[in-house]
Amino acid sequence: MKTNQIVNRSSASRWVTWSAFAVLLIIAPKIFHQGASLSLLSQIGTLMIFGLSFNMLLGQGGMLSFGHAVYSGLGAFFAIHAMNLAADGSFSIPVTLIPLVGGIAGMFFGVLFGYVTTKKSGTTFSMITLGMVELVFASSLMFPKFFGGEGGISTNRVIGKAFFGITYGPQIEVYYLIAFWLFICTIAMFAFTHTPLGRMINAVRDNPERAEFIGYDTQWVRYLTLILSAFFAGIAGGLSAINFEIVTAENVSAIRSGAVLLFSFIGGIGYFFGPLIGAVVGVFLTVMLSDFTKAWQLYLGIFFILIVMYAPGGLAGIWVANYRMVKFGKLRQIWPSLWKMILSGLLIFSGLVLSIEMLYRRSLGLDQGPEVTLFGIAFNCLANSSWLIAGALCLAGIGIFSVSRAAFTSVWNSAVSEIESAILKGYE
């Protein structure tokens, strides 16, 4: 009886979650409507699909790929050529379906390259994918007729007659096209996790020897998963071609592959929705933050290292852990120790940011003056007092962290044990 109640609650919460996701996609442009917000939202949506497709390999299959941009990039090239052919009247296809061209192209190259790359697993698979992306990137400069050379291929997304007034000229129409495909692809990739193939790729990830022992060909399981992943990556590439109206060799580079790995890991590869969070944080760190500071790459690197060291479950893991504390009423129990950890983190963050910004201004930007405005306060990077303040903030944060860490760990572990006991009793 209790099991049925749990299943019903799970089904209801799932419907609520998907409905909330759809509503959020619809109202997002109404909330973020200033400046280049629509362009950023469009980039986030495209990156979300790309990240989810990558997580089919890494998170669900344990396949660390350094060449996933091959499938999204080649999908983008085929999509943009299809748009140019449609503009010339040589190929009849509406812009709404252009992402399917990218998806089919990505799937084709998944069939072509995947058979080779999935022959091996683990580190060997990673190295082969790295070689594959370098091979395709080199080819993009060797065949300028298809890849456009260093300048890439450009297009015009306003093709043919308007359909119900939709021309895809305004950015808001492009955003809703991306949101539509994001919603469909997210549902499809979530459904994949509940298919027999989705379950088997989890088994191959966790124990390939046992999967082989019961009669499954682990290479074919990895191969089929990669093909499906390449399809969704190609859709992301097609949407990128529509959004930017240009595709270059950078779309098939190792840099693009590394970026999706970075953002997916930050979001949390162990959770389905982790890449969704990673896409938001990734665009913020690479696009928005770069407008405010020259040190954005340093912040990105430090943030990634901290996630790997202290939160291997990513931001999604942090969210889930704290949500469980709230759900089971343990927040009051851990709060006396938690607020000290939060305070120490804020102090260290403030001191570190102040030090980095003053160092960059002193080394590279003195022509703009010695003052750095941070948190609404002006600091002189040439004054010793400013450096003393930054050092004091860091030392105070480290001191509070050192004193509070043991107590917080003890209280947290105790709360986790109580939650696990409560869950076990609920199933009995």
# chains A, B, ... in the order shown; residues from 1 in each chain; ligands from 1
call {"tool": "residues_around", "arguments": {"residues": "Leu57 (chain A)", "least_positions_apart": "5", "cutoff": "8 Å", "atoms": "only C-alpha atoms", "output": "list in words"}}
result
Gly62, Met63, Leu64, Ser65, Thr225, Leu226 and Ser229 of chain A
call {"tool": "select_by_dssp", "arguments": {"residues": "region 48-193 of chain A", "states": "alpha helix (DSSP H)", "output": "ChimeraX atom specification"}}
result
/A:48-61,69-88,98-117,122-142,144-147,171-192
call {"tool": "residues_around", "arguments": {"residues": "region 407-418 of chain A", "least_positions_apart": "4", "cutoff": "12 Å", "atoms": "only C-alpha atoms", "output": "ChimeraX atom specification"}}
result
/A:321-342,400-403,422-425
call {"tool": "closest_residue", "arguments": {"among": "A:Leu224, A:Phe292, A:Ser139, A:Gly160", "to": "Leu112 (chain A)", "atoms": "only C-alpha atoms"}}
result
A:Leu224
call {"tool": "atom_distance", "arguments": {"atom1": "CA of Ile246 (chain A)", "atom2": "CA of Ile31 (chain A)"}}
result
28.0 Å
call {"tool": "residues_around", "arguments": {"residues": "Phe147 (chain A)", "least_positions_apart": "2", "cutoff": "12 Å", "atoms": "only C-alpha atoms", "output": "VMD selection string"}}
result
chain A and resid 73 to 78 80 to 81 136 to 145 149 to 154 246 to 252
call {"tool": "residues_around", "arguments": {"residues": "region 45-54 of chain A", "least_positions_apart": "6", "cutoff": "6 Å", "atoms": "only C-alpha atoms", "output": "list in words"}}
result
Ser229, Phe232, Ala233, Ala236, Val260, Ser264, Pro275, Leu276 and Ala279 of chain A
call {"tool": "closest_residue", "arguments": {"among": "A:Leu262, A:Ile187, A:Ile214, A:Leu347", "to": "Val308 (chain A)", "atoms": "only C-alpha atoms"}}
result
A:Leu262
call {"tool": "atom_distance", "arguments": {"atom1": "CA of Ile377 (chain A)", "atom2": "CA of Ile307 (chain A)"}}
result
29.0 Å
call {"tool": "residues_around", "arguments": {"residues": "region 84-87 of chain A", "least_positions_apart": "6", "cutoff": "9 Å", "atoms": "only C-alpha atoms", "output": "list in words"}}
result
Ile93, Pro94, Val95, Ser154, Thr155, Asn156, Arg157, Val158, Ile159 and Gly160 of chain A
call {"tool": "write_last_selection", "arguments": {"atoms": "N, CA and C atoms", "output": "mmCIF file, in the first residue's frame"}}
result
data_model
loop_
_atom_site.group_PDB
_atom_site.id
_atom_site.type_symbol
_atom_site.label_atom_id
_atom_site.label_comp_id
_atom_site.auth_asym_id
_atom_site.auth_seq_id
_atom_site.Cartn_x
_atom_site.Cartn_y
_atom_site.Cartn_z
ATOM 1 N N ILE A 93 12.252 23.161 -47.266
ATOM 2 C CA ILE A 93 12.107 22.764 -45.866
ATOM 3 C C ILE A 93 11.883 24.013 -45.016
ATOM 4 N N PRO A 94 10.909 23.986 -44.101
ATOM 5 C CA PRO A 94 10.701 25.154 -43.232
ATOM 6 C C PRO A 94 11.803 25.270 -42.186
ATOM 7 N N VAL A 95 12.043 26.470 -41.729
ATOM 8 C CA VAL A 95 13.092 26.700 -40.735
ATOM 9 C C VAL A 95 12.812 25.929 -39.452
ATOM 10 N N SER A 154 27.843 31.389 -43.601
ATOM 11 C CA SER A 154 26.789 32.250 -43.056
ATOM 12 C C SER A 154 25.485 32.017 -43.816
ATOM 13 N N THR A 155 24.395 32.477 -43.248
ATOM 14 C CA THR A 155 23.083 32.273 -43.861
ATOM 15 C C THR A 155 22.133 33.365 -43.414
ATOM 16 N N ASN A 156 20.908 33.277 -43.900
ATOM 17 C CA ASN A 156 19.836 34.173 -43.465
ATOM 18 C C ASN A 156 18.664 33.300 -43.064
ATOM 19 N N ARG A 157 18.276 33.372 -41.799
ATOM 20 C CA ARG A 157 17.227 32.475 -41.309
ATOM 21 C C ARG A 157 15.821 32.882 -41.750
ATOM 22 N N VAL A 158 15.678 34.061 -42.293
ATOM 23 C CA VAL A 158 14.361 34.498 -42.787
ATOM 24 C C VAL A 158 14.185 33.943 -44.200
ATOM 25 N N ILE A 159 13.510 32.807 -44.293
ATOM 26 C CA ILE A 159 13.365 32.087 -45.562
ATOM 27 C C ILE A 159 11.886 31.925 -45.894
ATOM 28 N N GLY A 160 11.533 32.182 -47.134
ATOM 29 C CA GLY A 160 10.183 31.900 -47.604
ATOM 30 C C GLY A 160 9.123 32.798 -46.987
#
call {"tool": "select_by_dssp", "arguments": {"residues": "region 111-330 of chain A", "states": "strand (DSSP E)", "output": "number ranges by chain"}}
result
A: 153-154, 246-247
call {"tool": "write_last_selection", "arguments": {"atoms": "N, CA and C atoms", "output": "compact mmCIF listing (two decimals), in the first residue's frame"}}
result
# COMPACT_ATOMS: atom_id res chain seq x y z
N ILE A 153 30.58 29.46 -42.67
CA ILE A 153 29.43 29.57 -43.57
C ILE A 153 28.36 30.42 -42.89
N SER A 154 27.84 31.39 -43.60
CA SER A 154 26.79 32.25 -43.06
C SER A 154 25.48 32.02 -43.82
N ILE A 246 25.57 31.70 -38.50
CA ILE A 246 26.92 31.45 -38.98
C ILE A 246 27.48 30.22 -38.25
N VAL A 247 28.24 29.42 -38.97
CA VAL A 247 28.91 28.25 -38.39
C VAL A 247 30.36 28.28 -38.85
call {"tool": "closest_residue", "arguments": {"among": "A:Ala254, A:Gly89, A:Thr293, A:Asn243", "to": "Glu173 (chain A)", "atoms": "only C-alpha atoms"}}
result
A:Asn243
call {"tool": "atom_distance", "arguments": {"atom1": "CA of Cys185 (chain A)", "atom2": "CA of Ala230 (chain A)"}}
result
12.4 Å
call {"tool": "closest_residue", "arguments": {"among": "A:Met309, A:Ile398, A:Ala295, A:Ile277", "to": "Leu354 (chain A)", "atoms": "only C-alpha atoms"}}
result
A:Ala295
call {"tool": "residues_around", "arguments": {"residues": "Val133 (chain A)", "least_positions_apart": "3", "cutoff": "6 Å", "atoms": "only C-alpha atoms", "output": "list in words"}}
result
Gly67, Val70, Leu130 and Val136 of chain A
call {"tool": "write_last_selection", "arguments": {"atoms": "C-alpha atoms", "output": "PDB file, in the first residue's frame"}}
result
ATOM      1  CA  GLY A  67      34.987  15.009 -29.100  1.00  0.00           C
ATOM      2  CA  VAL A  70      32.007  16.794 -33.745  1.00  0.00           C
ATOM      3  CA  LEU A 130      40.065  13.453 -28.762  1.00  0.00           C
ATOM      4  CA  VAL A 136      37.518  16.778 -38.029  1.00  0.00           C
TER       5      VAL A 136
END
call {"tool": "closest_residue", "arguments": {"among": "A:Thr286, A:Thr195, A:Phe66, A:Phe183", "to": "Thr123 (chain A)", "atoms": "only C-alpha atoms"}}
result
A:Phe66
call {"tool": "closest_residue", "arguments": {"among": "A:Gly238, A:Gly351, A:Gly345, A:Gly268", "to": "Ile318 (chain A)", "atoms": "only C-alpha atoms"}}
result
A:Gly268
